[in-house]
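Report on one structure; see the data block that follows.
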Number of protein chains: 2
Amino acid sequence: MIDYRSWRHTFKLDPDKTIGDDELEALCESGTDAIIVGGTYGVTYDNTLELMSRIRRYAVPAVLEISSLDAVVPGFDSYFIPLVINAGDADWLFAPHVSGLKAFGQYIHWDEIIAEGYLVANPDSGVARLTKARPIEGAAEAKAYAQTAAKICRLPIVYLEYSGAYGDPAVVRACKSGAGEAHLFYGGGIRTAEQAAEMAALADTIVVGNVIYEDLQAALSTVRAVKR
Amino acid sequence: MIDYRSWRHTFKLDPDKTIGDDELEALCESGTDAIIVGGTYGVTYDNTLELMSRIRRYAVPAVLEISSLDAVVPGFDSYFIPLVINAGDADWLFAPHVSGLKAFGQYIHWDEIIAEGYLVANPDSGVARLTKARPIEGAAEAKAYAQTAAKICRLPIVYLEYSGAYGDPAVVRACKSGAGEAHLFYGGGIRTAEQAAEMAALADTIVVGNVIYEDLQAALSTVRAVKR
C-alpha cells in the first residue's frame with residue numbers, strides 16, 4: 001500500500017506521449033515522490049504496459065490513474081479511480097464504475113484501489129469536453145465541491161485538475177478548506193519552480209505534467225522547489 | 001449521534017400524507033427502532049416541521065431523509081442525505097449536494113449527517129422518473145452498484161429502494177454482498193409479517209412505508225416479525 005499522504009510532488013506521464021529513456025530516468029531519479037500514469041485520450045493497454053515496464057526500472061512508486069477499462073494494466077503499486085464530481089453527463093459519473101465492477105469486480109484487490117474526487121476546473125480541456133464538466137464558479141463553489149467529495153462521499157483524495165492551465169490560488173485554498181481530512185492533489189499548468197512552490201503551499205501534493213514534454217529542466221526544477 | 005447500525009426495523013413517514021394521532025402513537029410505540037421522515041413529492045418545510053413535532057412526543061429516534069433543500073427542518077436526531085447512484089440525470093447526482101453545501105455548508109453539523117448510496121430499483125416509481133434512474137439489470141449489476149456506493153465512494157449506508165414494489169430477494173442478497181462494511185437498508189412493498197421477515201433476513205434494516213397508510217395493523221405486524 002502506497003503512502004500517498006506523505007507525497008508532496010509527483011510527475012504525471014501520459015502513455016500517449018513519447019519520452020526518451022534519459023528523460024524518463026531523470027524524472028524517476030529526480031526525488032519526486034511518485035509517478036502517476038494517466039491521460040484522457042489515446043491511452044491503451046499496450047502503451048500503458050510499455051510505460052509501466054520502463055518506469056519499473058526505478059524505485060519510485062508508480063500509480064495508474066484509470067481512465068479506460070481497456071487499459072488497466074497489472075503491476076502498478078496502486079490504482080487511482082477518478083470520480084468526476086462536476087461531470088455534467090451521468091455517463092461519466094458512476095456508470096463507468098458500475099460497468100467496471102460488473103465486469104472485473106471479482107479480480108479487484110480493494111487495498112490497491114483509491115478513489116479520487118476529481119474536479120475538472122478548466123472548461124477548455126479535453127477532459128472537460130469529454131465529461132461535459134460543469135464550470136466551477138468561484139471559491140465558494142469549489143469548496144462545496146470539495147466537501148461533496150470528501151464529506152458526502154467519503155473519498156480519501158480530492159484532485160483539483162486545471163489540465164494545462166495554471167489555477168487560481170483562491171480556488172485551491174478553498175478546495176483545501178473543503179477537503180477536510182481528505183488529501184488534496186493539485187494539477188495543471190505548473191511550468192516553473194515558483195509556480196510549484198506556490199501551489200505546494202496550498203495543496204498537499206502537486207502534480208507536474210505537460211511541462212515534462214516541453215522543458216525537462218523546468219520540470220525537474222519543480223521537484224527542488226517543493227522539496228527544499 | 002444515532003446508532004443506525006443496530007436498527008433492524010424502521011417506519012418511513014411521508015410528510016405529504018395524513019396520519020392520525022392514535023395511528024402515529026401506535027407506530028412510535030411499536031418497538032420499531034426509528035422513524036424516517038421522507039418522501040419524493042409534496043415535502044415542504046411546514047409539513048415536515050409538523051410531522052417532526054408530533055413524532056417528538058415519543059422517545060423513538062427520528063431521522064429526516066432530505067429530499068428538498070427547502071424542507072430541512074432542525075430538530076431531528078440525524079439527517080440522511082441520499083445520493084442516487086443510478087440517477088441518469090447529472091442534475092440528480094452531485095448537483096443538489098453542491099448547491100446545498102454552497103448555500104448552507106457553514107451551518108452544517110457534520111456529525112449529524114449520514115450519506116446514503118441510494119439505489120432506485122423500481123423504474124415505475126416517482127423517484128425513478130424524477131431522477132431518470134437507470135434500470136438495475138439483475139443481481140450482478142446490483143452488486144456492482146452497491147460496491148460503487150460502499151467501496152468507490154465510502155458511503156456508510158447503501159439503501160435499496162423498491163418504492164412500493166416488493167423486491168427481488170436475489171437482488172437484495174447481491175446488494176448485501178456488494179455493500180461490504182456498509183449498512184444495507186431495504187425498502188419497498190413490505191405489506192406482511194412474512195415479507196418483513198424475509199427482507200430482514202437479507203438486509204441489515206428494513207423500511208416499512210406505504211402499508212402504514214393502508215393497513216396499520218399489517219404495518220405493526222412487521223415490527224413483531226423482525227423483532228421476535
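Residues in the C-alpha cells are numbered from 1 in each chain, the chains being A, B, ... in the order shown, and ligands are numbered from 1 in the order shown.
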Problem set entry | Expected answer as an MDAnalysis selection string: alpha helix (DSSP H) residues in segment 25-207 of chain B | chainID B and resid 25:28 45:55 95:104 126:131 138:147 169:179 193:200
For this session: Quick one: everything within 10 Å of Ser67 of chain A, counting only C-alpha atoms, minus sequence neighbours fewer than 6 positions away in the same chain. Send it as a list in words.
Result: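 Selected residues are Gly38, Gly39, Thr40, Tyr41, Val43, Thr44, Phe80, Ile81, Pro82 and Pro96 of chain A.
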Write a file of the just-selected residues containing all heavy atoms, as a PDB file, in the first residue's frame.
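See part_31.pdb below for the written result:
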```
ATOM      1  N   GLY A  38      -1.293   8.485 -16.525  1.00  0.00           N
ATOM      2  CA  GLY A  38      -2.687   8.725 -16.882  1.00  0.00           C
ATOM      3  C   GLY A  38      -2.812   9.729 -18.004  1.00  0.00           C
ATOM      4  O   GLY A  38      -1.876  10.473 -18.294  1.00  0.00           O
ATOM      5  N   GLY A  39      -3.955   9.713 -18.643  1.00  0.00           N
ATOM      6  CA  GLY A  39      -4.224  10.649 -19.734  1.00  0.00           C
ATOM      7  C   GLY A  39      -5.688  10.554 -20.108  1.00  0.00           C
ATOM      8  O   GLY A  39      -6.401   9.685 -19.611  1.00  0.00           O
ATOM      9  N   THR A  40      -6.116  11.453 -20.970  1.00  0.00           N
ATOM     10  CA  THR A  40      -7.529  11.485 -21.352  1.00  0.00           C
ATOM     11  C   THR A  40      -7.787  10.754 -22.660  1.00  0.00           C
ATOM     12  O   THR A  40      -8.737   9.993 -22.780  1.00  0.00           O
ATOM     13  CB  THR A  40      -8.018  12.941 -21.469  1.00  0.00           C
ATOM     14  OG1 THR A  40      -7.799  13.599 -20.218  1.00  0.00           O
ATOM     15  CG2 THR A  40      -9.507  13.001 -21.794  1.00  0.00           C
ATOM     16  N   TYR A  41      -6.924  10.963 -23.641  1.00  0.00           N
ATOM     17  CA  TYR A  41      -7.138  10.375 -24.964  1.00  0.00           C
ATOM     18  C   TYR A  41      -5.972   9.465 -25.341  1.00  0.00           C
ATOM     19  O   TYR A  41      -4.839   9.713 -24.951  1.00  0.00           O
ATOM     20  CB  TYR A  41      -7.262  11.477 -26.017  1.00  0.00           C
ATOM     21  CG  TYR A  41      -8.503  12.317 -25.862  1.00  0.00           C
ATOM     22  CD1 TYR A  41      -8.413  13.633 -25.439  1.00  0.00           C
ATOM     23  CD2 TYR A  41      -9.760  11.789 -26.135  1.00  0.00           C
ATOM     24  CE1 TYR A  41      -9.553  14.423 -25.307  1.00  0.00           C
ATOM     25  CE2 TYR A  41     -10.901  12.558 -26.002  1.00  0.00           C
ATOM     26  CZ  TYR A  41     -10.796  13.873 -25.581  1.00  0.00           C
ATOM     27  OH  TYR A  41     -11.918  14.633 -25.446  1.00  0.00           O
ATOM     28  N   VAL A  43      -5.090   6.473 -24.501  1.00  0.00           N
ATOM     29  CA  VAL A  43      -4.492   5.578 -23.509  1.00  0.00           C
ATOM     30  C   VAL A  43      -4.948   4.150 -23.828  1.00  0.00           C
ATOM     31  O   VAL A  43      -6.142   3.874 -23.863  1.00  0.00           O
ATOM     32  CB  VAL A  43      -4.915   5.973 -22.085  1.00  0.00           C
ATOM     33  CG1 VAL A  43      -4.336   5.004 -21.070  1.00  0.00           C
ATOM     34  CG2 VAL A  43      -4.487   7.407 -21.782  1.00  0.00           C
ATOM     35  N   THR A  44      -3.996   3.286 -24.097  1.00  0.00           N
ATOM     36  CA  THR A  44      -4.316   1.897 -24.449  1.00  0.00           C
ATOM     37  C   THR A  44      -3.598   0.949 -23.492  1.00  0.00           C
ATOM     38  O   THR A  44      -2.701   1.348 -22.735  1.00  0.00           O
ATOM     39  CB  THR A  44      -3.849   1.553 -25.878  1.00  0.00           C
ATOM     40  OG1 THR A  44      -2.408   1.577 -25.905  1.00  0.00           O
ATOM     41  CG2 THR A  44      -4.410   2.538 -26.901  1.00  0.00           C
ATOM     42  N   PHE A  80      -5.528   4.682  -8.952  1.00  0.00           N
ATOM     43  CA  PHE A  80      -6.421   5.797  -8.614  1.00  0.00           C
ATOM     44  C   PHE A  80      -7.629   5.726  -9.542  1.00  0.00           C
ATOM     45  O   PHE A  80      -7.473   5.623 -10.767  1.00  0.00           O
ATOM     46  CB  PHE A  80      -5.707   7.136  -8.811  1.00  0.00           C
ATOM     47  CG  PHE A  80      -4.708   7.484  -7.735  1.00  0.00           C
ATOM     48  CD1 PHE A  80      -4.466   6.644  -6.654  1.00  0.00           C
ATOM     49  CD2 PHE A  80      -4.007   8.686  -7.802  1.00  0.00           C
ATOM     50  CE1 PHE A  80      -3.546   6.983  -5.661  1.00  0.00           C
ATOM     51  CE2 PHE A  80      -3.083   9.037  -6.813  1.00  0.00           C
ATOM     52  CZ  PHE A  80      -2.851   8.185  -5.748  1.00  0.00           C
ATOM     53  N   ILE A  81      -8.796   5.803  -8.969  1.00  0.00           N
ATOM     54  CA  ILE A  81     -10.026   5.766  -9.759  1.00  0.00           C
ATOM     55  C   ILE A  81     -10.704   7.121  -9.654  1.00  0.00           C
ATOM     56  O   ILE A  81     -11.233   7.467  -8.602  1.00  0.00           O
ATOM     57  CB  ILE A  81     -10.971   4.662  -9.253  1.00  0.00           C
ATOM     58  CG1 ILE A  81     -10.274   3.309  -9.350  1.00  0.00           C
ATOM     59  CG2 ILE A  81     -12.268   4.674 -10.045  1.00  0.00           C
ATOM     60  CD1 ILE A  81     -11.189   2.142  -9.154  1.00  0.00           C
ATOM     61  N   PRO A  82     -10.667   7.888 -10.736  1.00  0.00           N
ATOM     62  CA  PRO A  82     -11.291   9.207 -10.662  1.00  0.00           C
ATOM     63  C   PRO A  82     -12.814   9.116 -10.696  1.00  0.00           C
ATOM     64  O   PRO A  82     -13.376   8.281 -11.400  1.00  0.00           O
ATOM     65  CB  PRO A  82     -10.791   9.925 -11.930  1.00  0.00           C
ATOM     66  CG  PRO A  82      -9.945   8.953 -12.678  1.00  0.00           C
ATOM     67  CD  PRO A  82     -10.064   7.615 -12.044  1.00  0.00           C
ATOM     68  N   PRO A  96     -19.336   4.369 -15.400  1.00  0.00           N
ATOM     69  CA  PRO A  96     -18.132   3.587 -15.719  1.00  0.00           C
ATOM     70  C   PRO A  96     -17.690   2.691 -14.567  1.00  0.00           C
ATOM     71  O   PRO A  96     -17.167   1.590 -14.793  1.00  0.00           O
ATOM     72  CB  PRO A  96     -17.058   4.653 -15.996  1.00  0.00           C
ATOM     73  CG  PRO A  96     -17.750   5.966 -16.042  1.00  0.00           C
ATOM     74  CD  PRO A  96     -19.100   5.822 -15.439  1.00  0.00           C
TER      75      PRO A  96
END
```
For this session: Using only C-alpha atoms, select each residue of chain B with any atom at most 6 Å away from an atom of chain A, and give the selection as number ranges by chain.
Result: B: 88-90, 98, 101-102, 115, 141, 144-145, 152-155
Would you write out those residues with all heavy atoms, as an mmCIF file, in the first residue's frame?
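Result saved to out_37.cif:
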```
data_model
loop_
_atom_site.group_PDB
_atom_site.id
_atom_site.type_symbol
_atom_site.label_atom_id
_atom_site.label_comp_id
_atom_site.auth_asym_id
_atom_site.auth_seq_id
_atom_site.Cartn_x
_atom_site.Cartn_y
_atom_site.Cartn_z
ATOM 1 N N GLY B 88 -29.892 8.881 -13.809
ATOM 2 C CA GLY B 88 -29.468 9.035 -15.199
ATOM 3 C C GLY B 88 -29.319 10.501 -15.590
ATOM 4 O O GLY B 88 -28.931 10.812 -16.706
ATOM 5 N N ASP B 89 -29.610 11.376 -14.666
ATOM 6 C CA ASP B 89 -29.568 12.814 -14.910
ATOM 7 C C ASP B 89 -28.576 13.417 -13.922
ATOM 8 O O ASP B 89 -28.754 13.308 -12.703
ATOM 9 C CB ASP B 89 -30.977 13.388 -14.678
ATOM 10 C CG ASP B 89 -31.052 14.882 -14.931
ATOM 11 O OD1 ASP B 89 -29.999 15.538 -15.039
ATOM 12 O OD2 ASP B 89 -32.183 15.395 -15.000
ATOM 13 N N ALA B 90 -27.518 14.052 -14.474
ATOM 14 C CA ALA B 90 -26.472 14.597 -13.609
ATOM 15 C C ALA B 90 -27.018 15.642 -12.633
ATOM 16 O O ALA B 90 -26.430 15.873 -11.579
ATOM 17 C CB ALA B 90 -25.338 15.194 -14.449
ATOM 18 N N VAL B 98 -23.900 19.967 -4.031
ATOM 19 C CA VAL B 98 -23.032 21.142 -4.187
ATOM 20 C C VAL B 98 -23.827 22.418 -3.913
ATOM 21 O O VAL B 98 -23.381 23.294 -3.176
ATOM 22 C CB VAL B 98 -22.399 21.154 -5.600
ATOM 23 C CG1 VAL B 98 -21.658 22.458 -5.858
ATOM 24 C CG2 VAL B 98 -21.445 19.969 -5.754
ATOM 25 N N LEU B 101 -24.536 22.655 -0.157
ATOM 26 C CA LEU B 101 -23.356 22.994 0.639
ATOM 27 C C LEU B 101 -22.928 24.434 0.397
ATOM 28 O O LEU B 101 -22.473 25.112 1.324
ATOM 29 C CB LEU B 101 -22.214 22.037 0.309
ATOM 30 C CG LEU B 101 -22.431 20.637 0.865
ATOM 31 C CD1 LEU B 101 -21.437 19.654 0.254
ATOM 32 C CD2 LEU B 101 -22.280 20.652 2.387
ATOM 33 N N LYS B 102 -23.088 24.887 -0.838
ATOM 34 C CA LYS B 102 -22.715 26.273 -1.132
ATOM 35 C C LYS B 102 -23.615 27.224 -0.331
ATOM 36 O O LYS B 102 -23.157 28.221 0.227
ATOM 37 C CB LYS B 102 -22.869 26.520 -2.643
ATOM 38 C CG LYS B 102 -22.193 27.775 -3.129
ATOM 39 C CD LYS B 102 -22.278 27.852 -4.661
ATOM 40 C CE LYS B 102 -21.863 29.214 -5.172
ATOM 41 N NZ LYS B 102 -22.129 29.351 -6.626
ATOM 42 N N ALA B 115 -24.587 10.121 4.717
ATOM 43 C CA ALA B 115 -24.936 9.997 3.297
ATOM 44 C C ALA B 115 -25.279 8.543 2.978
ATOM 45 O O ALA B 115 -24.642 7.616 3.476
ATOM 46 C CB ALA B 115 -23.781 10.476 2.429
ATOM 47 N N GLU B 141 -25.364 -6.759 -11.482
ATOM 48 C CA GLU B 141 -25.273 -5.299 -11.603
ATOM 49 C C GLU B 141 -25.624 -4.623 -10.279
ATOM 50 O O GLU B 141 -25.011 -3.617 -9.904
ATOM 51 C CB GLU B 141 -26.196 -4.813 -12.725
ATOM 52 C CG GLU B 141 -25.963 -3.361 -13.063
ATOM 53 C CD GLU B 141 -26.518 -3.001 -14.435
ATOM 54 O OE1 GLU B 141 -26.006 -3.523 -15.439
ATOM 55 O OE2 GLU B 141 -27.475 -2.210 -14.486
ATOM 56 N N ALA B 144 -22.595 -4.586 -8.225
ATOM 57 C CA ALA B 144 -21.650 -3.553 -8.696
ATOM 58 C C ALA B 144 -22.090 -2.162 -8.229
ATOM 59 O O ALA B 144 -21.255 -1.342 -7.832
ATOM 60 C CB ALA B 144 -21.526 -3.600 -10.220
ATOM 61 N N TYR B 145 -23.381 -1.913 -8.269
ATOM 62 C CA TYR B 145 -23.878 -0.625 -7.756
ATOM 63 C C TYR B 145 -23.583 -0.487 -6.254
ATOM 64 O O TYR B 145 -23.153 0.573 -5.782
ATOM 65 C CB TYR B 145 -25.386 -0.476 -8.009
ATOM 66 C CG TYR B 145 -25.728 0.171 -9.321
ATOM 67 C CD1 TYR B 145 -26.296 -0.559 -10.359
ATOM 68 C CD2 TYR B 145 -25.488 1.526 -9.535
ATOM 69 C CE1 TYR B 145 -26.615 0.034 -11.583
ATOM 70 C CE2 TYR B 145 -25.811 2.127 -10.740
ATOM 71 C CZ TYR B 145 -26.365 1.387 -11.765
ATOM 72 O OH TYR B 145 -26.676 1.987 -12.963
ATOM 73 N N ILE B 152 -16.143 2.442 -3.750
ATOM 74 C CA ILE B 152 -15.560 3.548 -4.529
ATOM 75 C C ILE B 152 -15.826 4.818 -3.709
ATOM 76 O O ILE B 152 -14.905 5.368 -3.120
ATOM 77 C CB ILE B 152 -16.176 3.624 -5.946
ATOM 78 C CG1 ILE B 152 -15.957 2.316 -6.714
ATOM 79 C CG2 ILE B 152 -15.615 4.835 -6.682
ATOM 80 C CD1 ILE B 152 -14.549 2.039 -7.146
ATOM 81 N N CYS B 153 -17.064 5.249 -3.669
ATOM 82 C CA CYS B 153 -17.442 6.172 -2.606
ATOM 83 C C CYS B 153 -17.414 5.343 -1.331
ATOM 84 O O CYS B 153 -17.667 4.150 -1.371
ATOM 85 C CB CYS B 153 -18.857 6.701 -2.815
ATOM 86 S SG CYS B 153 -19.011 7.734 -4.260
ATOM 87 N N ARG B 154 -17.108 5.936 -0.232
ATOM 88 C CA ARG B 154 -17.107 5.143 1.006
ATOM 89 C C ARG B 154 -18.335 5.521 1.822
ATOM 90 O O ARG B 154 -18.242 5.969 2.965
ATOM 91 C CB ARG B 154 -15.808 5.381 1.769
ATOM 92 C CG ARG B 154 -14.604 4.948 0.938
ATOM 93 C CD ARG B 154 -13.288 5.150 1.669
ATOM 94 N NE ARG B 154 -12.169 4.790 0.793
ATOM 95 C CZ ARG B 154 -10.898 4.845 1.158
ATOM 96 N NH1 ARG B 154 -10.580 5.249 2.386
ATOM 97 N NH2 ARG B 154 -9.940 4.516 0.328
ATOM 98 N N LEU B 155 -19.487 5.363 1.205
ATOM 99 C CA LEU B 155 -20.731 5.726 1.874
ATOM 100 C C LEU B 155 -21.045 4.701 2.943
ATOM 101 O O LEU B 155 -20.887 3.503 2.732
ATOM 102 C CB LEU B 155 -21.858 5.810 0.848
ATOM 103 C CG LEU B 155 -21.645 6.903 -0.207
ATOM 104 C CD1 LEU B 155 -22.635 6.743 -1.354
ATOM 105 C CD2 LEU B 155 -21.779 8.277 0.411
#
```
Problem set entry | segment 158-171 of chain B environment, 7 Å, only C-alpha atoms, sequence neighbours closer than 2 positions dropped, as number ranges by chain | B: 116-122, 125, 138-139, 142, 146, 149-150, 156, 173-175, 179, 182-190, 210
